[in-house]
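One structure below.
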Amino acid sequence: MVRAITVERAITAEQWNAARAALRDSGERFAGLVGSSGPRTMATKDWSIADTVAHVTSIALWDTALAQPEAIPLPYPWDVVEDQIPVTTVDTLNVLNDQVMKRFTERDPQVLASQLRTHIDDMLRASAGADPDQPVPWFGGSRVPLAAIFAHLTNELQIHGHDIARATGARWVIPSAYAAQFHDLLVAGLARYGVGHFLDNDRPAPRRRIAVRFKSRYMAPLTMVMAPGGAVTLAGPDSPVDVQVRFEPAAFNLMMFGRISLLRAVLTGKVSLSGPRPWLLPAFLRIVRFPS
């Protein structure tokens with residue numbers, strides 16, 4: 001089990017407003033992109049464009065419940081899989097996605113685009129005036145700050161918008177300021193509030209401490225420390241590290257979600273490694289990882 005120890009990294013009003021604006025803009029751009037796309041065209045190896053839009057819209061539907069000021073029953077089909085959400089890990093998200101997709105049957109991109117806009121509007125309206133640091137239950141028994149679910153949905157829109165644009169030849173730009181929110185709000189938030197079982201796996205955890213600092217001009221430095229056994233913590237920006245990762249967030253997110261390789265990201269200058277022990281990064285990323 002990977003656990004987390006929290007440190008202060010409170011979300012500012014500026015970050016909260018930026019996350020809300022990024023989600024609204026990303027939702028509008030994504031809805032416009034899919035409105036003219038052929039639904040049967042394959043966006044990924046396994047999903048058509050219609051499937052991809054349904055997946056993103058189903059997540060937005062779940063988020064409308066999470067964004068409410070008080071806990072409410074989950075909407076269908078999330079209510080059917082509610083017991084599985086707390087035990088879902090990063091490696092079993094595909095299983096949960098498949099179960100949701102079987103029940104979330106709408107596949108008309110125009111209808112889905114309209115639903116997506118409605119869900120995002122509901123999220124923004126319900127959370128107006130809310131505390132962005134309010135803890136929200138998430139996958140694997142983890143918790144994240146409220147602002148993190150906005151950053152997560154923005155990232156889903158950006159990554160899957162990239163998939164659709166690549167399949168159709170459309171233009172799609174991932175703003176790095178938006179991509180950085182995934183790390184600044186979600187990744188840091190998971191480490192602050194507790195990853196639960198979300199990162200659990202059968203791979204051997206590192207036997208030594210590994211400290212990695214992530215730096216980008218779009219966010220404050222994020223320093224994560226993995227203790228022997230896999231406990232993940234946040235550390236201060238001046239603490240000693242083994243690896244420093246300087247990255248351009250849009251490319252880094254595409255790499256972390258399996259759309260481009262680490263080699264390509266490094267060769268294009270979008271990701272660079274330094275520090276006394278950069279070879280330790282792969283061991284760190286075997287634990288701190290995301291689905292590709």
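Order determines the names: the first chain of the structure tokens is A, the second B, and so forth; residues in each chain are numbered 1 upward, and ligands are numbered 1 upward as they are shown.
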Contacts of stretch 24-41 of chain A at 10 Å (only C-alpha atoms; same-chain gap of 6+ positions) as a short mmCIF file (atom, residue, chain, number, x, y, z; two decimals) with C-alpha atoms, in the first residue's frame:
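Wrote it out as out.cif, contents follow:
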data_model
loop_
_atom_site.label_atom_id
_atom_site.label_comp_id
_atom_site.auth_asym_id
_atom_site.auth_seq_id
_atom_site.Cartn_x
_atom_site.Cartn_y
_atom_site.Cartn_z
CA ALA A 18 -7.72 29.64 -13.29
CA TRP A 47 -12.29 3.54 -28.63
CA SER A 48 -14.10 5.29 -31.46
CA ILE A 49 -14.59 9.03 -31.33
CA ALA A 50 -18.13 8.43 -30.04
CA ASP A 51 -16.78 6.15 -27.29
CA THR A 52 -14.14 8.71 -26.36
CA VAL A 53 -16.66 11.52 -26.04
CA VAL A 56 -15.27 12.14 -21.03
CA THR A 57 -18.95 13.05 -20.64
CA ALA A 60 -18.14 15.08 -16.17
CA ARG A 107 -23.05 7.64 -28.59
CA ASP A 108 -24.31 10.59 -30.63
CA PRO A 109 -21.46 13.14 -30.48
CA GLN A 110 -23.84 16.09 -30.82
CA VAL A 111 -25.99 14.90 -27.94
CA LEU A 112 -22.91 14.12 -25.85
CA ALA A 113 -21.39 17.54 -26.56
CA SER A 114 -24.58 19.17 -25.28
CA GLN A 115 -24.57 16.98 -22.16
CA LEU A 116 -20.90 17.80 -21.55
CA ARG A 117 -21.58 21.53 -21.66
CA THR A 118 -24.48 21.06 -19.23
CA HIS A 119 -22.39 19.04 -16.77
CA ILE A 120 -19.57 21.59 -16.81
CA ASP A 121 -22.06 24.41 -16.27
CA MET A 123 -20.04 21.94 -11.84
CA LEU A 124 -19.20 25.62 -12.09
CA PHE A 150 -11.59 20.52 -12.23
CA LEU A 153 -11.52 16.89 -16.08
CA THR A 154 -9.58 19.57 -17.96
CA ASN A 155 -6.78 17.06 -18.47
CA GLU A 156 -9.23 14.43 -19.71
CA LEU A 157 -10.59 16.92 -22.23
CA GLN A 158 -7.12 17.91 -23.38
CA HIS A 160 -8.75 12.97 -25.45
CA GLY A 161 -9.07 16.10 -27.58
CA HIS A 162 -5.54 15.30 -28.71
CA ILE A 164 -9.60 12.94 -31.65
CA ALA A 165 -7.62 15.65 -33.42
CA ALA A 167 -7.49 10.81 -35.77
CA THR A 168 -9.28 13.48 -37.80
CA ALA A 170 -8.06 18.69 -36.82
CA ARG A 171 -6.00 21.26 -34.98
CA TRP A 172 -5.80 20.89 -31.21
CA VAL A 173 -3.61 22.86 -28.84
CA ILE A 174 -3.01 21.89 -25.21
CA PRO A 175 -2.17 25.10 -23.31
CA TYR A 178 -3.88 24.21 -18.29
#
Wanna dump the stretch 273-292 of chain A-stretch 256-267 of chain A contacts at 8 Å for me, each residue with its shortest atom pair and the distance in Å to one decimal, counting only C-alpha atoms, ordered by chain and number, as a tab-separated table?
residue	atom	partner	partner_atom	distance
A:Arg289	CA	A:Met256	CA	7.2
A:Phe290	CA	A:Phe257	CA	6.1
A:Pro291	CA	A:Phe257	CA	5.9
A:Ser292	CA	A:Phe257	CA	4.3
Can I get the selection written as a CSV table (one decimal), in the first residue's frame, with N, CA, C and O atoms?
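What follows is the written file selection_13.csv:
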chain,number,residue,atom,x,y,z
A,289,ARG,N,2.3,6.9,-11.1
A,289,ARG,CA,2.0,6.7,-12.5
A,289,ARG,C,0.5,7.0,-12.8
A,289,ARG,O,-0.3,7.1,-11.9
A,290,PHE,N,0.2,7.0,-14.1
A,290,PHE,CA,-1.2,7.3,-14.6
A,290,PHE,C,-1.5,6.4,-15.7
A,290,PHE,O,-0.6,5.9,-16.4
A,291,PRO,N,-2.8,6.1,-16.0
A,291,PRO,CA,-3.1,5.1,-17.0
A,291,PRO,C,-2.8,5.7,-18.4
A,291,PRO,O,-3.0,6.8,-18.7
A,292,SER,N,-2.3,4.8,-19.3
A,292,SER,CA,-2.0,5.2,-20.6
A,292,SER,C,-3.0,4.5,-21.6
A,292,SER,O,-3.7,3.6,-21.2
DSSP-assigned helix (DSSP H, G or I) members of stretch 65-139 of chain A, reported as a PyMOL selection string: chain A and resi 65-66+85-87+93-103+109-126+139
Mind checking which residues fall within 10 Å of A:Ile85, counting only C-alpha atoms, ignoring those fewer than 6 positions away in the same chain, and posting them as a PyMOL selection string? chain A and resi 78-79+93+96+137-142+198
How would the residues just chosen look if you wrote them out with N, CA and C atoms as a PDB file, in the first residue's frame?
ATOM      1  N   TRP A  78     -23.064   5.809 -12.358  1.00  0.00           N
ATOM      2  CA  TRP A  78     -22.053   5.770 -11.299  1.00  0.00           C
ATOM      3  C   TRP A  78     -22.588   5.162 -10.010  1.00  0.00           C
ATOM      4  N   ASP A  79     -23.909   5.264  -9.791  1.00  0.00           N
ATOM      5  CA  ASP A  79     -24.472   4.661  -8.583  1.00  0.00           C
ATOM      6  C   ASP A  79     -24.339   3.135  -8.597  1.00  0.00           C
ATOM      7  N   LEU A  93      -8.472   1.114 -13.382  1.00  0.00           N
ATOM      8  CA  LEU A  93      -9.395   2.132 -13.884  1.00  0.00           C
ATOM      9  C   LEU A  93     -10.066   1.688 -15.172  1.00  0.00           C
ATOM     10  N   LEU A  96     -13.201  -0.279 -14.375  1.00  0.00           N
ATOM     11  CA  LEU A  96     -14.299   0.595 -13.969  1.00  0.00           C
ATOM     12  C   LEU A  96     -14.835   1.365 -15.172  1.00  0.00           C
ATOM     13  N   PRO A 137     -13.892  12.786  -2.045  1.00  0.00           N
ATOM     14  CA  PRO A 137     -13.495  11.381  -2.206  1.00  0.00           C
ATOM     15  C   PRO A 137     -13.227  11.057  -3.666  1.00  0.00           C
ATOM     16  N   TRP A 138     -12.186  10.278  -3.902  1.00  0.00           N
ATOM     17  CA  TRP A 138     -11.787   9.958  -5.271  1.00  0.00           C
ATOM     18  C   TRP A 138     -11.476   8.478  -5.381  1.00  0.00           C
ATOM     19  N   PHE A 139     -10.830   8.065  -6.452  1.00  0.00           N
ATOM     20  CA  PHE A 139     -10.577   6.640  -6.680  1.00  0.00           C
ATOM     21  C   PHE A 139      -9.677   6.032  -5.602  1.00  0.00           C
ATOM     22  N   GLY A 140      -9.883   4.749  -5.372  1.00  0.00           N
ATOM     23  CA  GLY A 140      -8.973   3.993  -4.507  1.00  0.00           C
ATOM     24  C   GLY A 140      -8.950   4.439  -3.065  1.00  0.00           C
ATOM     25  N   GLY A 141     -10.029   5.064  -2.592  1.00  0.00           N
ATOM     26  CA  GLY A 141     -10.040   5.544  -1.224  1.00  0.00           C
ATOM     27  C   GLY A 141      -9.201   6.787  -1.009  1.00  0.00           C
ATOM     28  N   SER A 142      -8.752   7.397  -2.094  1.00  0.00           N
ATOM     29  CA  SER A 142      -7.974   8.635  -1.974  1.00  0.00           C
ATOM     30  C   SER A 142      -8.921   9.814  -1.785  1.00  0.00           C
ATOM     31  N   PHE A 198      -4.932   4.084  -4.328  1.00  0.00           N
ATOM     32  CA  PHE A 198      -4.984   4.407  -5.754  1.00  0.00           C
ATOM     33  C   PHE A 198      -3.725   3.973  -6.498  1.00  0.00           C
TER      34      PHE A 198
END
Could you tell me how far atom CA of A:Ile210 sits from atom CA of A:Met224, in Å to one decimal place?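 Separation between atom CA of A:Met224 and atom CA of A:Ile210: 8.3 Å.
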If you count only C-alpha atoms, which residues fall within 9 Å of A:Thr105, apart from same-chain ones fewer than 3 positions away, as a PyMOL selection string? chain A and resi 54+101-102
Go ahead and write the selection's residues with N, CA and C atoms as a CSV table (one decimal), in the first residue's frame.
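again.csv written:
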chain,number,residue,atom,x,y,z
A,54,ALA,N,-18.1,9.8,-25.1
A,54,ALA,CA,-19.0,9.3,-24.0
A,54,ALA,C,-18.2,9.1,-22.7
A,101,MET,N,-19.0,2.5,-19.2
A,101,MET,CA,-19.3,2.7,-20.6
A,101,MET,C,-20.4,1.7,-21.1
A,102,LYS,N,-20.5,0.5,-20.5
A,102,LYS,CA,-21.6,-0.4,-20.9
A,102,LYS,C,-22.9,0.1,-20.6
